[in-house]
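Trainee: The structure under discussion is supplied below as structure tokens; questions concerning it will follow.
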Number of protein chains: 2
Amino acid sequence: MVVPTLIERKRDGGALAPAEWRELVLAYAGGSVPDYQMSALLMAIVWRGLSGGELDALAEAMLDSGDRLRWDGLDRPVVDKHSTGGVGDKTSLLLAPMLATCGAAVPMMSGRGLGHTGGTLDKLEAIPGFRTSLTLRETTDQVRRIGCAMIGQTPEIAPADKRLYALRDVTATVESIPLIAASIMSKKLAEGLDGLVLDVKTGSGAFLPGETDALELARTMIGLGQSHGCRTVALLTAMDRPLGRAAGNALEVEEAIAGLSGEGPADLMEVTWALGVEMMLVARLASDALEARQRLEESISSGRAREKFGQLIEAQGGNPAVLDDPAALPQADVIEIFNAPRDGVVRRVEPRRIGRAIIELGGGRQTVDDVVDPAVGFVITARPGDTVRAGEPIASIHARTGDAAAGAAHALAEAIEIGEPLAVTPLISRRITA
Amino acid sequence: MVVPTLIERKRDGGALAPAEWRELVLAYAGGSVPDYQMSALLMAIVWRGLSGGELDALAEAMLDSGDRLRWDGLDRPVVDKHSTGGVGDKTSLLLAPMLATCGAAVPMMSGRGLGHTGGTLDKLEAIPGFRTSLTLRETTDQVRRIGCAMIGQTPEIAPADKRLYALRDVTATVESIPLIAASIMSKKLAEGLDGLVLDVKTGSGAFLPGETDALELARTMIGLGQSHGCRTVALLTAMDRPLGRAAGNALEVEEAIAGLSGEGPADLMEVTWALGVEMMLVARLASDALEARQRLEESISSGRAREKFGQLIEAQGGNPAVLDDPAALPQADVIEIFNAPRDGVVRRVEPRRIGRAIIELGGGRQTVDDVVDPAVGFVITARPGDTVRAGEPIASIHARTGDAAAGAAHALAEAIEIGEPLAVTPLISRRITA
């Protein structure tokens, strides 16, 4: 394998053979291909794209660079959900316990906050004691025992992806649909799934804001899933505003618990139901959407999903008292009310601005080494389309200091646009299947 | 400076500001920007190109990453010639002494063989004792004293280019006209030139075979030269066959000495005269081409150019006896005559095949660490358009062993195509000025 020759071929619009992708990816994971050659190749991929065969081979090689979860003898279907990233999206915290109570095995492997978006691992770690770094063996044991686990990417899972992802982040080669798809799917397929539901975000707060790109990403991931024997469907959901009211790690855990208690905000629950129904269907735990929805609603109304979340927290070392007592979650020192600055209709709540304001509050990372403050964030009660009056409370700011809260108020004033009414986009715009 | 943001802008087709190029290139030369970010940026440049302003800024920053030759108080115009690389091209060895005797100062900085092409430094080092690694001070002192010096790129000249060039070589980012132009011109401009003549090769043996690319490269380099106050012109010359008869380091020195003695082959001399005339004109040492040509011819007929070459050899530690005695140059152990395999007209002498055969003989490098055998190579007397008879000697092979000579004969049989006549392309096809 002569690496410059492979880079040259991709640069000139040609294709690498499956065996070449395999050798290259494994050599990179093993350290014998240097970063500077891989980053040139990554930029050539951003430029020229990958053919379907190349994409399959790349994802397969990334998958094979590590281990997979083994489910021998398990009598439940194994399913997961993946979101392309948003602000306020805590659906994973509801869906893992809900699906577990409905008969699925859910080995949910999530990430941390990236850019302006929040991360499921950061949210879970707001629960005192919660441990997200399980071994593969601990993960499968726990899923066999209680039906679900929520973990971070272990070193054994797709190590080539881990190294590639870190390189892409610092070489402006993140924004490539085939690379995004291969990265996501190599990790998800390592979970040994029977079914996967993709929540592909669109709108200003999504990494790929436009519907055309979102659709292409969805279709690319579905193709990879199907060709690996994993039933995969995708929903395109709106990320032109935060999902739910709470944005910030502990605040989102509190809202997820409210949702599991039958008291979630309407938009959060609408997306949760829709994703849950798809998970039930790809898991073949329901024969149609109606039956799936009924069983999911029952998992909430019966209290079983909430109880399952408590089991999950306890199994992973967290304090289950948070279920009944929000004060057991980290609390901000300063809570300030934000009032509508004028009369009018809420036109926009801009998720990128909200996400960046959370990072400025300390609730996300500026650099990989930053420690996240779980207590800070926002609860924004005004939704796009709501009519508000000047001076009416429309949000609360949870901060470490008064100065930080003042800065966050400034950001909120920019993020929440009030004026003449604007058409509100549907929360769920497309359902994409193989 | 956030490097991924700069890479992203170039990736998306935008432009970096001059100050950004400057900071980036100096940081890279200083080691604080890693290779993996620079190689991603280089691939984005191959993709998106550079605007005129970006190219100026990049070349300027590469130039400013190191020192320049200083000519304070010199009463001669400083000129040089640069070739984009070919097989059998020994014009530099004639032009430096010729121009020095005509009143120019010629601080000629050259390279080594690259790919299938030969390098002036390798040719000079075929002269026993010849030292090409002078310091900047030694170079200017020698040029002030005898009018010319022939050296390699010193560590002080454009160190950013040196590091970038090595990176481009292993990341398939060599083939970019603005990067090629910036690399060449940053080194040439560091010589502090008043005038520069570019010999841009076209045809199958050139790095950029097509005339369109060659023209673009010529115009790009001319633009860079002019914007730095260096009068720059280019000739497009044919590299669809080797230049002259000799190809191989010591053999080419011998042919260059023949040329300086008034006995050079017609094609070599035609290109030498043409480049020399342009050098005289950019140096403003002649008022027109006719006067320039007469003075150059006189430098040969008077024996002064030949004598100057002897001074140059002596000044740089070489054995000037090579001027009168070709046996003072390294000699091959095996010399075999190659006969025309059939009757016909020489249609082609393929320079890439000849260049690769020289490398196989040991006269060039497979890897950067290879030691070059100066004695080996070819003298090919048959030119495209010549009528030959089967069994008639048309070349000699100079090799280390009989086996190597046999392999080289095989390569010659492939490289020299004999059959029906084919139109011979003109040696000099275009003259390009600002």
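Letters A, B, ... mark the chains of the structure tokens in the order given; residue numbers begin at 1 per chain; ligand numbers begin at 1, in order shown.
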Taking the chain letters and numbering used in this document, name the residues of region 207-359 of chain A that DSSP puts in helix (DSSP H, G or I), as number ranges by chain.
Mentor: A: 211-227, 249-260, 266-282, 289-301, 304-315, 320-323, 326-328, 351-359
Trainee: Which residues are close to region 132-141 of chain A, i.e. within 9 Å by only C-alpha atoms, leaving aside same-chain residues fewer than 2 positions away? Reply as a list in words.
Mentor: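 Final neighbour list, sorted by chain and number: Asp67, Arg68, Leu69, Arg70, Trp71, Pro107, Leu121, Leu124, Glu125, Phe130, Val143, Arg144, Arg145, Ile146, Cys148, Ala149, Met150, Ile151, Gly152, Gln153, Thr154, Pro155, Glu156, Ile157 and Gln316 of chain A.
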Trainee: If we count only C-alpha atoms, what is near Val2 (chain B) at a cut-off of 12 Å, once residues fewer than 5 positions away on the same chain are taken out, given as a PyMOL selection string?
Mentor: (chain A and resi 170-172) or (chain B and resi 7-9+20+23-24+27+33+37)
Trainee: Please report, as CSV, each residue of chain A lying at most 10 Å from chain B, together with the nearest pair of atoms and the separation in Å rounded to one decimal; use only C-alpha atoms, and order rows by chain and ascending residue number.
Mentor:
residue,atom,partner,partner_atom,distance
A:Val2,CA,B:Val170,CA,9.6
A:Val3,CA,B:Val170,CA,7.9
A:Pro4,CA,B:Ala172,CA,5.2
A:Thr5,CA,B:Ala172,CA,7.2
A:Leu6,CA,B:Ala172,CA,8.6
A:Ile7,CA,B:Ala172,CA,6.0
A:Glu8,CA,B:Ala172,CA,5.1
A:Arg9,CA,B:Ala172,CA,8.9
A:Lys10,CA,B:Ala172,CA,9.7
A:Arg11,CA,B:Ala172,CA,7.9
A:Asp12,CA,B:Trp47,CA,9.7
A:Pro34,CA,B:Tyr36,CA,8.3
A:Asp35,CA,B:Tyr36,CA,5.5
A:Tyr36,CA,B:Tyr36,CA,3.7
A:Gln37,CA,B:Thr171,CA,5.3
A:Met38,CA,B:Tyr36,CA,7.8
A:Ser39,CA,B:Ala40,CA,5.2
A:Ala40,CA,B:Ala40,CA,4.6
A:Leu41,CA,B:Thr171,CA,7.8
A:Leu42,CA,B:Ala40,CA,7.5
A:Met43,CA,B:Ala40,CA,5.6
A:Ala44,CA,B:Met43,CA,6.5
A:Val46,CA,B:Arg11,CA,8.6
A:Trp47,CA,B:Trp47,CA,7.1
A:Arg48,CA,B:Trp47,CA,9.4
A:Leu167,CA,B:Tyr36,CA,8.0
A:Arg168,CA,B:Pro4,CA,9.4
A:Asp169,CA,B:Pro4,CA,8.0
A:Val170,CA,B:Pro4,CA,5.5
A:Thr171,CA,B:Gln37,CA,5.2
A:Ala172,CA,B:Glu8,CA,5.1
A:Thr173,CA,B:Glu8,CA,7.9
A:Val174,CA,B:Glu8,CA,9.6
A:Glu175,CA,B:Glu8,CA,9.3
Trainee: Assign secondary structure with DSSP using the backbone only, and return the residues of region 185-246 of chain B in strand (DSSP E or B) as a ChimeraX atom specification.
Mentor: /B:195-202,231-238,246
Trainee: Quick one: everything within 10 Å of Ala274 (chain B), counting only C-alpha atoms, minus sequence neighbours fewer than 4 positions away in the same chain. Send it as a ChimeraX atom specification.
Mentor: /B:199,235,237,269-270,278-279,289,292-293,428,431
Trainee: How would the residues just picked look written out with N, CA and C atoms as a PDB file, in the first residue's frame?
Mentor:
ATOM      1  N   ASP B 199      12.069  28.403 -17.887  1.00  0.00           N
ATOM      2  CA  ASP B 199      11.989  27.421 -18.967  1.00  0.00           C
ATOM      3  C   ASP B 199      10.892  26.436 -18.559  1.00  0.00           C
ATOM      4  N   LEU B 235       9.815  30.874 -21.473  1.00  0.00           N
ATOM      5  CA  LEU B 235       9.724  30.175 -22.753  1.00  0.00           C
ATOM      6  C   LEU B 235       9.102  28.817 -22.495  1.00  0.00           C
ATOM      7  N   THR B 237       9.221  25.204 -23.710  1.00  0.00           N
ATOM      8  CA  THR B 237      10.113  24.390 -24.545  1.00  0.00           C
ATOM      9  C   THR B 237       9.710  22.926 -24.482  1.00  0.00           C
ATOM     10  N   MET B 269      21.856  23.578 -28.050  1.00  0.00           N
ATOM     11  CA  MET B 269      22.311  24.949 -28.268  1.00  0.00           C
ATOM     12  C   MET B 269      21.147  25.877 -28.616  1.00  0.00           C
ATOM     13  N   GLU B 270      20.161  25.362 -29.347  1.00  0.00           N
ATOM     14  CA  GLU B 270      19.017  26.221 -29.700  1.00  0.00           C
ATOM     15  C   GLU B 270      18.308  26.706 -28.437  1.00  0.00           C
ATOM     16  N   GLU B 278      17.061  35.682 -23.521  1.00  0.00           N
ATOM     17  CA  GLU B 278      16.072  36.238 -22.585  1.00  0.00           C
ATOM     18  C   GLU B 278      16.745  36.717 -21.306  1.00  0.00           C
ATOM     19  N   MET B 279      17.758  35.978 -20.848  1.00  0.00           N
ATOM     20  CA  MET B 279      18.471  36.404 -19.636  1.00  0.00           C
ATOM     21  C   MET B 279      19.193  37.722 -19.883  1.00  0.00           C
ATOM     22  N   ALA B 289      17.392  41.270 -29.106  1.00  0.00           N
ATOM     23  CA  ALA B 289      17.729  39.855 -29.140  1.00  0.00           C
ATOM     24  C   ALA B 289      18.970  39.600 -29.988  1.00  0.00           C
ATOM     25  N   ALA B 292      22.033  40.508 -28.067  1.00  0.00           N
ATOM     26  CA  ALA B 292      22.201  39.525 -26.998  1.00  0.00           C
ATOM     27  C   ALA B 292      22.815  38.238 -27.547  1.00  0.00           C
ATOM     28  N   ARG B 293      22.273  37.771 -28.661  1.00  0.00           N
ATOM     29  CA  ARG B 293      22.748  36.527 -29.253  1.00  0.00           C
ATOM     30  C   ARG B 293      24.215  36.650 -29.681  1.00  0.00           C
ATOM     31  N   ILE B 428      10.959  25.301 -29.258  1.00  0.00           N
ATOM     32  CA  ILE B 428      10.503  26.448 -28.469  1.00  0.00           C
ATOM     33  C   ILE B 428       9.168  26.892 -29.044  1.00  0.00           C
ATOM     34  N   ARG B 431       6.674  32.244 -26.192  1.00  0.00           N
ATOM     35  CA  ARG B 431       7.400  33.184 -25.336  1.00  0.00           C
ATOM     36  C   ARG B 431       6.334  33.966 -24.577  1.00  0.00           C
TER      37      ARG B 431
END
Trainee: Would you list the contacts of Arg353 (chain B) as a list in words, taking every protein, DNA or RNA residue within 8 Å and counting only C-alpha atoms, but skipping same-chain residues closer than 6 positions in sequence?
Mentor: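 The residues that qualify are His116, Ala411, Leu412, Glu414 and Ala415 of chain B.
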Trainee: Any chance you can output those residues with N, CA, C and O atoms as a short mmCIF file (atom, residue, chain, number, x, y, z; two decimals), in the first residue's frame?
Mentor:
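That gives us again-v3.cif:
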data_model
loop_
_atom_site.label_atom_id
_atom_site.label_comp_id
_atom_site.auth_asym_id
_atom_site.auth_seq_id
_atom_site.Cartn_x
_atom_site.Cartn_y
_atom_site.Cartn_z
N HIS B 116 11.33 11.42 -12.62
CA HIS B 116 12.13 10.92 -13.74
C HIS B 116 13.13 11.96 -14.25
O HIS B 116 13.90 11.67 -15.16
N ALA B 411 15.01 -0.99 -21.94
CA ALA B 411 14.30 0.27 -21.75
C ALA B 411 14.45 1.17 -22.99
O ALA B 411 13.49 1.80 -23.42
N LEU B 412 15.66 1.20 -23.56
CA LEU B 412 15.89 2.03 -24.76
C LEU B 412 15.01 1.56 -25.91
O LEU B 412 14.46 2.38 -26.66
N GLU B 414 12.21 0.28 -25.77
CA GLU B 414 10.84 0.78 -25.54
C GLU B 414 10.75 2.28 -25.75
O GLU B 414 9.74 2.79 -26.23
N ALA B 415 11.81 2.99 -25.35
CA ALA B 415 11.75 4.46 -25.35
C ALA B 415 11.90 5.04 -26.76
O ALA B 415 11.33 6.08 -27.07
#
Trainee: Could you give me, as a ChimeraX atom specification, the residues within 10 Å of Ser51 (chain B), counting only C-alpha atoms and dropping anything in the same chain fewer than 2 positions from it?
Mentor: /B:14-16,48-49,53-57,178
Trainee: Distance CA of Leu323 (chain A)-CA of Leu251 (chain A), one decimal place?
Mentor: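 Calculated distance between CA of Leu323 (chain A) and CA of Leu251 (chain A) is 12.8 Å.
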Trainee: Quick one: everything within 8 Å of Arg348 (chain B), counting only C-alpha atoms, minus sequence neighbours fewer than 4 positions away in the same chain. Send it as a PyMOL selection string.
Mentor: chain B and resi 240-241+384+415-418
Trainee: Between A:Arg400, A:Arg352, A:Arg304, A:His228, single out the one closest to Met185 (chain A), counting only C-alpha atoms.
Mentor: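 Smallest distance to Met185 (chain A) is found for A:His228.
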Trainee: To one decimal place, how far is CA of Arg365 (chain B) from CA of Gly113 (chain B) in Å?
Mentor: 7.5 Å
